[in-house]
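Heads up, data-v5.txt below (compact mmCIF, C-alpha atoms):
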# COMPACT_ATOMS: atom_id res chain seq x y z
CA MET A 1 71.59 -138.22 228.66
CA HIS A 2 68.72 -136.81 226.65
CA ALA A 3 66.06 -134.13 226.84
CA ARG A 4 63.69 -136.69 228.42
CA ASP A 5 66.05 -136.94 231.41
CA LEU A 6 66.18 -133.19 231.92
CA VAL A 7 62.57 -132.27 231.20
CA VAL A 8 60.61 -130.71 234.06
CA ASP A 9 56.93 -129.96 234.43
CA PHE A 10 56.35 -126.49 233.16
CA PRO A 11 53.18 -124.47 233.63
CA ALA A 12 51.35 -123.80 230.38
CA VAL A 13 48.72 -121.14 229.78
CA ALA A 14 46.14 -120.63 227.05
CA MET A 15 45.53 -117.49 225.01
CA GLU A 16 42.42 -116.84 227.10
CA THR A 17 44.08 -117.33 230.50
CA PRO A 18 43.67 -114.16 232.60
CA ALA A 19 46.88 -112.13 232.70
CA VAL A 20 46.65 -111.95 236.51
CA ASP A 21 46.79 -115.76 236.68
CA ALA A 22 49.81 -115.77 234.36
CA ALA A 23 51.53 -113.21 236.62
CA ARG A 24 50.80 -115.39 239.67
CA LEU A 25 52.31 -118.45 237.97
CA LEU A 26 55.44 -116.46 237.14
CA ALA A 27 55.73 -115.21 240.72
CA GLU A 28 55.09 -118.59 242.36
CA HIS A 29 57.45 -120.62 240.23
CA ASP A 30 60.22 -118.08 239.57
CA LEU A 31 60.09 -118.66 235.83
CA PRO A 32 61.61 -116.69 232.96
CA GLY A 33 58.36 -117.02 231.04
CA LEU A 34 55.35 -119.20 230.37
CA ILE A 35 54.58 -121.51 227.49
CA VAL A 36 51.37 -120.71 225.64
CA VAL A 37 49.54 -123.77 224.27
CA ASP A 38 46.47 -124.18 222.05
CA GLY A 39 43.37 -126.21 222.93
CA ASP A 40 45.11 -129.45 221.93
CA GLY A 41 48.14 -128.84 224.14
CA ARG A 42 50.36 -127.83 221.23
CA PRO A 43 52.88 -125.13 222.19
CA LEU A 44 52.40 -121.85 220.34
CA CYS A 45 54.89 -119.37 221.76
CA VAL A 46 56.55 -118.01 224.88
CA LEU A 47 55.06 -115.29 227.06
CA PRO A 48 58.09 -113.49 228.57
CA GLY A 49 57.59 -112.41 232.17
CA THR A 50 58.46 -108.80 231.43
CA GLN A 51 55.58 -108.60 228.95
CA VAL A 52 53.04 -109.29 231.68
CA LEU A 53 54.64 -106.49 233.64
CA ARG A 54 54.35 -104.18 230.65
CA MET A 55 50.57 -104.61 230.67
CA ALA A 56 50.42 -104.02 234.41
CA VAL A 57 52.25 -100.70 234.44
CA PRO A 58 49.87 -97.86 233.64
CA ARG A 59 50.71 -96.26 230.30
CA TYR A 60 51.35 -92.82 231.83
CA CYS A 61 54.11 -94.31 233.99
CA GLN A 62 55.80 -95.96 231.04
CA ASP A 63 55.75 -92.73 229.07
CA ASP A 64 56.97 -90.56 231.93
CA PRO A 65 59.29 -92.17 234.50
CA ALA A 66 59.11 -89.00 236.61
CA LEU A 67 55.41 -89.67 237.17
CA ALA A 68 56.15 -93.22 238.30
CA ARG A 69 58.35 -91.74 241.02
CA VAL A 70 55.58 -89.72 242.62
CA VAL A 71 52.66 -92.15 242.46
CA ASP A 72 51.89 -93.07 246.06
CA GLU A 73 48.89 -95.30 245.43
CA GLY A 74 49.14 -98.87 246.73
CA HIS A 75 51.29 -100.62 244.14
CA ALA A 76 49.62 -103.98 244.41
CA ASP A 77 46.14 -102.52 243.87
CA LEU A 78 47.36 -100.55 240.90
CA PHE A 79 49.02 -103.61 239.42
CA VAL A 80 46.05 -105.94 239.70
CA ARG A 81 43.65 -103.24 238.48
CA ALA A 82 45.84 -102.46 235.45
CA LEU A 83 45.87 -106.14 234.47
CA GLY A 84 42.12 -106.19 235.03
CA SER A 85 40.34 -108.50 232.63
CA ARG A 86 43.21 -108.70 230.15
CA THR A 87 44.22 -112.08 228.84
CA VAL A 88 47.51 -113.69 227.88
CA ARG A 89 46.66 -112.92 224.25
CA GLU A 90 46.77 -109.18 224.96
CA CYS A 91 50.13 -109.46 226.74
CA LEU A 92 51.96 -111.11 223.87
CA PRO A 93 54.40 -108.95 221.95
CA GLU A 94 53.39 -108.12 218.39
CA GLN A 95 56.21 -110.33 217.20
CA PRO A 96 55.89 -113.28 219.60
CA ARG A 97 59.22 -114.76 220.43
CA GLU A 98 60.02 -118.03 218.72
CA LEU A 99 59.55 -120.97 221.06
CA PRO A 100 62.39 -123.44 220.63
CA ILE A 101 60.98 -126.96 220.48
CA THR A 102 62.68 -130.31 220.68
CA ASP A 103 61.77 -133.96 221.19
CA PRO A 104 62.51 -136.21 224.18
CA GLY A 105 65.31 -137.95 222.26
CA ALA A 106 67.43 -134.83 221.73
CA THR A 107 70.92 -135.00 223.25
CA VAL A 108 72.07 -132.52 225.89
CA LEU A 109 74.34 -130.97 223.30
CA GLU A 110 71.42 -130.51 220.89
CA VAL A 111 69.36 -128.77 223.55
CA ALA A 112 72.31 -126.55 224.49
CA ALA A 113 72.90 -125.60 220.85
CA LEU A 114 69.21 -124.76 220.46
CA MET A 115 69.19 -122.54 223.55
CA ALA A 116 72.36 -120.80 222.45
CA ARG A 117 71.09 -120.16 218.92
CA THR A 118 67.65 -118.90 219.93
CA ARG A 119 68.95 -117.15 223.11
CA SER A 120 66.05 -118.72 224.96
CA PRO A 121 66.54 -119.98 228.56
CA LEU A 122 63.69 -122.40 227.89
CA VAL A 123 63.17 -125.24 225.38
CA ALA A 124 59.77 -126.90 225.05
CA VAL A 125 59.80 -130.70 224.83
CA VAL A 126 57.04 -132.05 222.61
CA GLU A 127 55.94 -135.64 222.07
CA GLY A 128 53.15 -136.61 219.68
CA GLY A 129 52.38 -132.92 219.11
CA ARG A 130 51.74 -132.22 222.81
CA LEU A 131 53.84 -130.29 225.30
CA ILE A 132 55.24 -132.65 227.94
CA GLY A 133 57.44 -130.10 229.75
CA ALA A 134 60.55 -128.00 229.26
CA VAL A 135 64.29 -128.00 229.71
CA THR A 136 65.51 -124.83 231.40
CA LEU A 137 68.91 -123.16 231.16
CA HIS A 138 69.25 -123.70 234.89
CA GLY A 139 68.51 -127.43 234.64
CA LEU A 140 70.95 -127.79 231.78
CA LEU A 141 73.79 -125.93 233.50
CA ASP A 142 73.13 -127.89 236.69
CA HIS A 143 73.62 -131.08 234.74
CA LEU A 144 76.71 -129.88 232.90
CA LEU A 145 78.62 -128.46 235.85
CA MET B 1 58.05 -99.36 249.17
CA HIS B 2 61.16 -98.57 247.17
CA ALA B 3 63.95 -100.32 245.27
CA ARG B 4 66.00 -100.38 248.49
CA ASP B 5 63.36 -102.64 250.07
CA LEU B 6 63.38 -105.11 247.17
CA VAL B 7 67.08 -105.17 246.36
CA VAL B 8 68.84 -108.52 246.75
CA ASP B 9 72.51 -109.43 246.67
CA PHE B 10 73.38 -110.25 243.13
CA PRO B 11 76.60 -111.90 241.99
CA ALA B 12 78.76 -109.63 239.88
CA VAL B 13 81.57 -110.70 237.58
CA ALA B 14 84.42 -108.82 235.96
CA MET B 15 85.39 -108.81 232.28
CA GLU B 16 88.31 -111.09 233.15
CA THR B 17 86.30 -113.61 235.21
CA PRO B 18 86.69 -117.10 233.69
CA ALA B 19 83.58 -118.10 231.72
CA VAL B 20 83.47 -121.42 233.61
CA ASP B 21 83.10 -119.51 236.89
CA ALA B 22 80.32 -117.39 235.39
CA ALA B 23 78.52 -120.56 234.27
CA ARG B 24 78.85 -122.01 237.79
CA LEU B 25 77.36 -118.85 239.31
CA LEU B 26 74.42 -119.06 236.90
CA ALA B 27 73.85 -122.72 237.72
CA GLU B 28 74.16 -122.33 241.50
CA HIS B 29 71.92 -119.31 241.86
CA ASP B 30 69.38 -119.98 239.10
CA LEU B 31 69.83 -116.53 237.63
CA PRO B 32 68.69 -115.11 234.30
CA GLY B 33 72.09 -113.46 233.86
CA LEU B 34 75.03 -111.90 235.62
CA ILE B 35 75.94 -108.26 236.12
CA VAL B 36 79.36 -107.31 234.76
CA VAL B 37 81.15 -104.60 236.78
CA ASP B 38 84.38 -102.66 236.24
CA GLY B 39 87.27 -102.49 238.70
CA ASP B 40 85.48 -99.82 240.73
CA GLY B 41 82.27 -101.85 241.11
CA ARG B 42 80.40 -99.82 238.50
CA PRO B 43 77.96 -101.96 236.50
CA LEU B 44 78.80 -102.19 232.80
CA CYS B 45 76.29 -104.59 231.22
CA VAL B 46 74.42 -107.86 231.59
CA LEU B 47 75.82 -111.22 230.61
CA PRO B 48 72.78 -113.31 229.61
CA GLY B 49 72.99 -116.95 230.65
CA THR B 50 72.38 -118.23 227.14
CA GLN B 51 75.49 -116.38 225.92
CA VAL B 52 77.71 -118.44 228.19
CA LEU B 53 76.09 -121.52 226.73
CA ARG B 54 76.77 -120.26 223.23
CA MET B 55 80.52 -120.25 223.96
CA ALA B 56 80.33 -123.73 225.47
CA VAL B 57 78.69 -125.44 222.51
CA PRO B 58 81.28 -126.42 219.92
CA ARG B 59 80.86 -124.42 216.71
CA TYR B 60 80.26 -127.54 214.57
CA CYS B 61 77.22 -128.39 216.71
CA GLN B 62 75.75 -124.94 216.36
CA ASP B 63 76.15 -125.01 212.61
CA ASP B 64 74.79 -128.53 212.19
CA PRO B 65 72.14 -129.71 214.68
CA ALA B 66 72.30 -133.19 213.17
CA LEU B 67 75.88 -133.50 214.39
CA ALA B 68 74.83 -132.50 217.90
CA ARG B 69 72.46 -135.49 217.89
CA VAL B 70 75.17 -138.07 217.30
CA VAL B 71 77.96 -136.77 219.54
CA ASP B 72 78.36 -139.33 222.30
CA GLU B 73 81.28 -137.77 224.13
CA GLY B 74 80.72 -136.91 227.79
CA HIS B 75 78.73 -133.69 227.68
CA ALA B 76 80.20 -132.20 230.81
CA ASP B 77 83.77 -132.72 229.62
CA LEU B 78 82.96 -131.21 226.26
CA PHE B 79 81.29 -128.23 227.89
CA VAL B 80 84.09 -127.38 230.29
CA ARG B 81 86.73 -127.93 227.60
CA ALA B 82 84.89 -125.68 225.13
CA LEU B 83 84.75 -122.87 227.71
CA GLY B 84 88.44 -123.51 228.40
CA SER B 85 90.30 -120.33 229.26
CA ARG B 86 87.68 -117.99 227.84
CA THR B 87 86.61 -115.02 229.89
CA VAL B 88 83.35 -113.18 230.41
CA ARG B 89 84.59 -110.56 227.92
CA GLU B 90 84.60 -113.18 225.14
CA CYS B 91 81.08 -114.35 226.00
CA LEU B 92 79.44 -110.96 225.68
CA PRO B 93 77.32 -110.39 222.59
CA GLU B 94 78.72 -107.89 220.09
CA GLN B 95 75.91 -105.54 221.03
CA PRO B 96 75.84 -106.00 224.82
CA ARG B 97 72.37 -105.71 226.19
CA GLU B 98 71.56 -102.48 227.98
CA LEU B 99 71.64 -102.91 231.75
CA PRO B 100 68.73 -101.06 233.33
CA ILE B 101 69.98 -99.11 236.34
CA THR B 102 68.09 -97.37 239.09
CA ASP B 103 68.74 -95.87 242.53
CA PRO B 104 67.60 -97.14 245.95
CA GLY B 105 64.91 -94.45 246.12
CA ALA B 106 63.02 -95.58 243.01
CA THR B 107 59.39 -96.59 243.63
CA VAL B 108 58.14 -100.09 242.84
CA LEU B 109 56.22 -98.62 239.95
CA GLU B 110 59.34 -96.99 238.55
CA VAL B 111 61.25 -100.29 238.69
CA ALA B 112 58.35 -102.13 237.05
CA ALA B 113 58.16 -99.53 234.25
CA LEU B 114 61.91 -99.84 233.70
CA MET B 115 61.76 -103.65 233.47
CA ALA B 116 58.81 -103.50 231.13
CA ARG B 117 60.44 -100.94 228.84
CA THR B 118 63.83 -102.65 228.64
CA ARG B 119 62.33 -106.18 228.72
CA SER B 120 64.94 -107.06 231.31
CA PRO B 121 64.05 -109.37 234.24
CA LEU B 122 66.81 -107.66 236.18
CA VAL B 123 67.42 -104.05 237.28
CA ALA B 124 70.75 -103.04 238.83
CA VAL B 125 70.54 -100.82 241.91
CA VAL B 126 73.42 -98.37 242.13
CA GLU B 127 74.37 -96.04 244.97
CA GLY B 128 77.32 -93.65 244.79
CA GLY B 129 78.33 -95.19 241.47
CA ARG B 130 78.65 -98.71 242.89
CA LEU B 131 76.43 -101.74 242.40
CA ILE B 132 74.65 -102.61 245.65
CA GLY B 133 72.43 -105.38 244.26
CA ALA B 134 69.49 -105.94 241.94
CA VAL B 135 65.74 -106.13 241.83
CA THR B 136 64.54 -109.20 239.93
CA LEU B 137 61.27 -109.73 238.08
CA HIS B 138 60.55 -112.55 240.48
CA GLY B 139 61.10 -110.38 243.55
CA LEU B 140 58.95 -107.64 242.10
CA LEU B 141 56.03 -109.94 241.17
CA ASP B 142 56.29 -111.61 244.57
CA HIS B 143 55.81 -108.23 246.19
CA LEU B 144 52.99 -107.14 243.90
CA LEU B 145 50.86 -110.29 244.07
Represent the structure from my file as structure tokens, please.
Amino acid sequence: MHARDLVVDFPAVAMETPAVDAARLLAEHDLPGLIVVDGDGRPLCVLPGTQVLRMAVPRYCQDDPALARVVDEGHADLFVRALGSRTVRECLPEQPRELPITDPGATVLEVAALMARTRSPLVAVVEGGRLIGAVTLHGLLDHLL
Amino acid sequence: MHARDLVVDFPAVAMETPAVDAARLLAEHDLPGLIVVDGDGRPLCVLPGTQVLRMAVPRYCQDDPALARVVDEGHADLFVRALGSRTVRECLPEQPRELPITDPGATVLEVAALMARTRSPLVAVVEGGRLIGAVTLHGLLDHLL
């Protein structure tokens, strides 16, 4: 059993993908994050789901939780407006999280060790320099148990 | 719309819960982590899924990825044996991750700000000192988009 047997299609986004589209992908697929790829399909980093949220919460609510309690504006409108024309690039943390990468021939144990070491619930599987999918913590545990 | 409208049942474990049972809960429910509670149902911290994995990967494989590539023993056997009689307590990181907590009356915006600030895809909802469930990043994005 190798990474190639556990790999699943995984939505990738580009630096210029609108943040709203990234948020929709996260919501639709129930993912811990998205993989950001360059123009050649090479994985660059992970965009954690909570980072998209960070851009969508107005600054004054992050600074003052008491304000967030009393805002009675429609949440969805506020959310989409806050994301506005921002892109994935603007949502990335200053220190983007390392994206663990492996190849299709990696053993299950190798993938598990990589996830454990990097504390990432997601490992990108790359072949010939291009992203072909990912192994998720859930998929791995499902196989192991 | 408040936390009470978004809260979902969320499996809780105790410090003494066997690590194998925690891993099974993670696999069955596709969760980013588990909430650890004390004997009175008060939430203590989060057990991230990757930490359970860390305990299940033999030390020699974590130290030397090349070894992990050549191990041909049944992965599932190895995994369950490595977890052995360990408990959740032994899986927790030395610096347990802060568990964001809110009350049922928090607004959606408050929950979103809390997730964004703590970078946690999971917020525990507590009433009268007891865990009543959690709001997940997925549930929140689903509502907002």
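Atom CA of Pro43 of chain A sits 26.4 Å away from atom CA of Asp142 of chain B.
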What's the 9 Å shell around segment 113-130 of chain A, counting all atoms listed in the file, without same-chain residues fewer than 5 positions away, as a ChimeraX atom specification?
/A:3-4,7,10,32-33,35,37,40-43,46,98-104,108,135-138 /B:32,48-58,61-63,65,68
Please check which residues have atoms at most 12 Å from (87.5, -116.7, 226.3) in the file's coordinates, counting all atoms listed in the file, and write them as a count of residues only.
25
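Interatomic distance, atom CA of Gly39 of chain B against atom CA of Asp5 of chain B: 26.5 Å.
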Write out the coordinates of chain A as a short mmCIF file (atom, residue, chain, number, x, y, z; two decimals) with C-alpha atoms, in the frame of the given file after a least-squares overlay onto chain B built on all ordered Cα pairs.
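File produced: selection-v7.cif:
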data_model
loop_
_atom_site.label_atom_id
_atom_site.label_comp_id
_atom_site.auth_asym_id
_atom_site.auth_seq_id
_atom_site.Cartn_x
_atom_site.Cartn_y
_atom_site.Cartn_z
CA MET A 1 58.05 -99.37 249.15
CA HIS A 2 61.17 -98.59 247.17
CA ALA A 3 63.93 -100.33 245.27
CA ARG A 4 66.00 -100.41 248.49
CA ASP A 5 63.36 -102.67 250.07
CA LEU A 6 63.38 -105.11 247.17
CA VAL A 7 67.08 -105.18 246.36
CA VAL A 8 68.84 -108.53 246.76
CA ASP A 9 72.50 -109.44 246.68
CA PHE A 10 73.38 -110.27 243.14
CA PRO A 11 76.60 -111.92 241.99
CA ALA A 12 78.76 -109.64 239.87
CA VAL A 13 81.57 -110.70 237.57
CA ALA A 14 84.43 -108.82 235.93
CA MET A 15 85.39 -108.82 232.27
CA GLU A 16 88.32 -111.09 233.13
CA THR A 17 86.32 -113.60 235.19
CA PRO A 18 86.69 -117.10 233.68
CA ALA A 19 83.60 -118.10 231.72
CA VAL A 20 83.47 -121.42 233.62
CA ASP A 21 83.11 -119.50 236.90
CA ALA A 22 80.33 -117.39 235.38
CA ALA A 23 78.54 -120.58 234.27
CA ARG A 24 78.86 -122.01 237.79
CA LEU A 25 77.36 -118.85 239.32
CA LEU A 26 74.44 -119.06 236.90
CA ALA A 27 73.87 -122.73 237.73
CA GLU A 28 74.17 -122.32 241.50
CA HIS A 29 71.92 -119.32 241.85
CA ASP A 30 69.37 -119.98 239.10
CA LEU A 31 69.82 -116.53 237.61
CA PRO A 32 68.69 -115.10 234.28
CA GLY A 33 72.09 -113.47 233.85
CA LEU A 34 75.03 -111.90 235.61
CA ILE A 35 75.95 -108.27 236.10
CA VAL A 36 79.36 -107.31 234.75
CA VAL A 37 81.15 -104.61 236.77
CA ASP A 38 84.39 -102.68 236.23
CA GLY A 39 87.28 -102.49 238.70
CA ASP A 40 85.47 -99.82 240.73
CA GLY A 41 82.28 -101.85 241.10
CA ARG A 42 80.41 -99.82 238.49
CA PRO A 43 77.95 -101.95 236.49
CA LEU A 44 78.78 -102.19 232.79
CA CYS A 45 76.30 -104.58 231.22
CA VAL A 46 74.42 -107.85 231.58
CA LEU A 47 75.84 -111.23 230.59
CA PRO A 48 72.78 -113.31 229.59
CA GLY A 49 72.99 -116.94 230.64
CA THR A 50 72.38 -118.22 227.13
CA GLN A 51 75.49 -116.39 225.92
CA VAL A 52 77.72 -118.45 228.20
CA LEU A 53 76.09 -121.52 226.73
CA ARG A 54 76.79 -120.26 223.22
CA MET A 55 80.52 -120.25 223.96
CA ALA A 56 80.34 -123.72 225.46
CA VAL A 57 78.70 -125.43 222.51
CA PRO A 58 81.29 -126.41 219.93
CA ARG A 59 80.86 -124.42 216.72
CA TYR A 60 80.26 -127.52 214.58
CA CYS A 61 77.23 -128.39 216.72
CA GLN A 62 75.74 -124.94 216.38
CA ASP A 63 76.15 -125.02 212.61
CA ASP A 64 74.78 -128.53 212.19
CA PRO A 65 72.14 -129.70 214.69
CA ALA A 66 72.29 -133.19 213.16
CA LEU A 67 75.88 -133.50 214.38
CA ALA A 68 74.84 -132.50 217.90
CA ARG A 69 72.48 -135.47 217.89
CA VAL A 70 75.18 -138.05 217.31
CA VAL A 71 77.97 -136.76 219.55
CA ASP A 72 78.34 -139.33 222.31
CA GLU A 73 81.27 -137.76 224.14
CA GLY A 74 80.71 -136.92 227.81
CA HIS A 75 78.73 -133.69 227.70
CA ALA A 76 80.18 -132.20 230.83
CA ASP A 77 83.77 -132.71 229.65
CA LEU A 78 82.95 -131.21 226.29
CA PHE A 79 81.28 -128.23 227.92
CA VAL A 80 84.08 -127.37 230.31
CA ARG A 81 86.72 -127.92 227.62
CA ALA A 82 84.88 -125.67 225.14
CA LEU A 83 84.75 -122.87 227.72
CA GLY A 84 88.42 -123.51 228.42
CA SER A 85 90.30 -120.34 229.25
CA ARG A 86 87.67 -118.00 227.83
CA THR A 87 86.61 -115.02 229.88
CA VAL A 88 83.35 -113.18 230.41
CA ARG A 89 84.58 -110.58 227.91
CA GLU A 90 84.60 -113.18 225.13
CA CYS A 91 81.08 -114.35 225.99
CA LEU A 92 79.45 -110.96 225.68
CA PRO A 93 77.32 -110.37 222.60
CA GLU A 94 78.71 -107.88 220.11
CA GLN A 95 75.90 -105.54 221.06
CA PRO A 96 75.83 -105.99 224.85
CA ARG A 97 72.37 -105.72 226.22
CA GLU A 98 71.56 -102.48 227.99
CA LEU A 99 71.65 -102.89 231.75
CA PRO A 100 68.74 -101.05 233.33
CA ILE A 101 69.97 -99.10 236.34
CA THR A 102 68.08 -97.38 239.10
CA ASP A 103 68.75 -95.89 242.53
CA PRO A 104 67.61 -97.16 245.95
CA GLY A 105 64.91 -94.46 246.12
CA ALA A 106 63.02 -95.58 243.01
CA THR A 107 59.40 -96.59 243.63
CA VAL A 108 58.13 -100.08 242.84
CA LEU A 109 56.21 -98.62 239.94
CA GLU A 110 59.36 -96.99 238.55
CA VAL A 111 61.25 -100.27 238.70
CA ALA A 112 58.34 -102.10 237.04
CA ALA A 113 58.16 -99.52 234.25
CA LEU A 114 61.91 -99.84 233.69
CA MET A 115 61.75 -103.63 233.47
CA ALA A 116 58.79 -103.48 231.12
CA ARG A 117 60.43 -100.92 228.82
CA THR A 118 63.82 -102.63 228.63
CA ARG A 119 62.31 -106.18 228.72
CA SER A 120 64.94 -107.04 231.31
CA PRO A 121 64.04 -109.37 234.24
CA LEU A 122 66.81 -107.65 236.19
CA VAL A 123 67.41 -104.04 237.29
CA ALA A 124 70.74 -103.05 238.84
CA VAL A 125 70.53 -100.81 241.92
CA VAL A 126 73.41 -98.37 242.14
CA GLU A 127 74.37 -96.04 244.97
CA GLY A 128 77.32 -93.65 244.79
CA GLY A 129 78.33 -95.20 241.45
CA ARG A 130 78.65 -98.72 242.89
CA LEU A 131 76.43 -101.74 242.39
CA ILE A 132 74.66 -102.62 245.65
CA GLY A 133 72.43 -105.40 244.26
CA ALA A 134 69.50 -105.95 241.93
CA VAL A 135 65.74 -106.14 241.81
CA THR A 136 64.53 -109.20 239.93
CA LEU A 137 61.26 -109.72 238.07
CA HIS A 138 60.54 -112.55 240.47
CA GLY A 139 61.10 -110.37 243.55
CA LEU A 140 58.93 -107.64 242.10
CA LEU A 141 56.04 -109.94 241.17
CA ASP A 142 56.29 -111.61 244.58
CA HIS A 143 55.82 -108.22 246.18
CA LEU A 144 52.99 -107.16 243.90
CA LEU A 145 50.88 -110.30 244.09
#
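For the atom pair formed by atom CA of Leu141 of chain A and atom CA of Ala27 of chain B, the distance is 5.3 Å, given to one decimal.
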Nearest-residue call for chain B, choices A:Val13, A:Ala134, A:Leu34, A:Leu25, using only C-alpha atoms:
A:Leu25
Residue nearest chain B - candidates A:His2, A:Arg97, A:Arg59, A:Arg69, atoms counted: only C-alpha atoms:
A:Arg69
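If you measure from each of A:Leu78, A:Ile132, A:Leu6, A:Val36 to chain B using all atoms listed in the file, the closest one turns out to be A:Leu78.
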Restricting the calculation to all atoms listed in the file: of A:Arg24, A:Leu131, A:Leu47, A:Gln95, which residue gets closest to chain B?
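Residue with the minimum atom-to-atom distance to chain B: A:Arg24.
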Using all atoms listed in the file, find the one residue out of B:Asp64, B:Pro11, B:Asp30, B:Leu44 that sits nearest to chain A.
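The answer is B:Asp30, which sits nearest to chain A.
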Residue nearest chain A among B:Asp77, B:Asp9, B:Asp38, B:Glu94 (counting only C-alpha atoms):
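The shortest atom-to-atom distance to chain A comes from B:Asp77.
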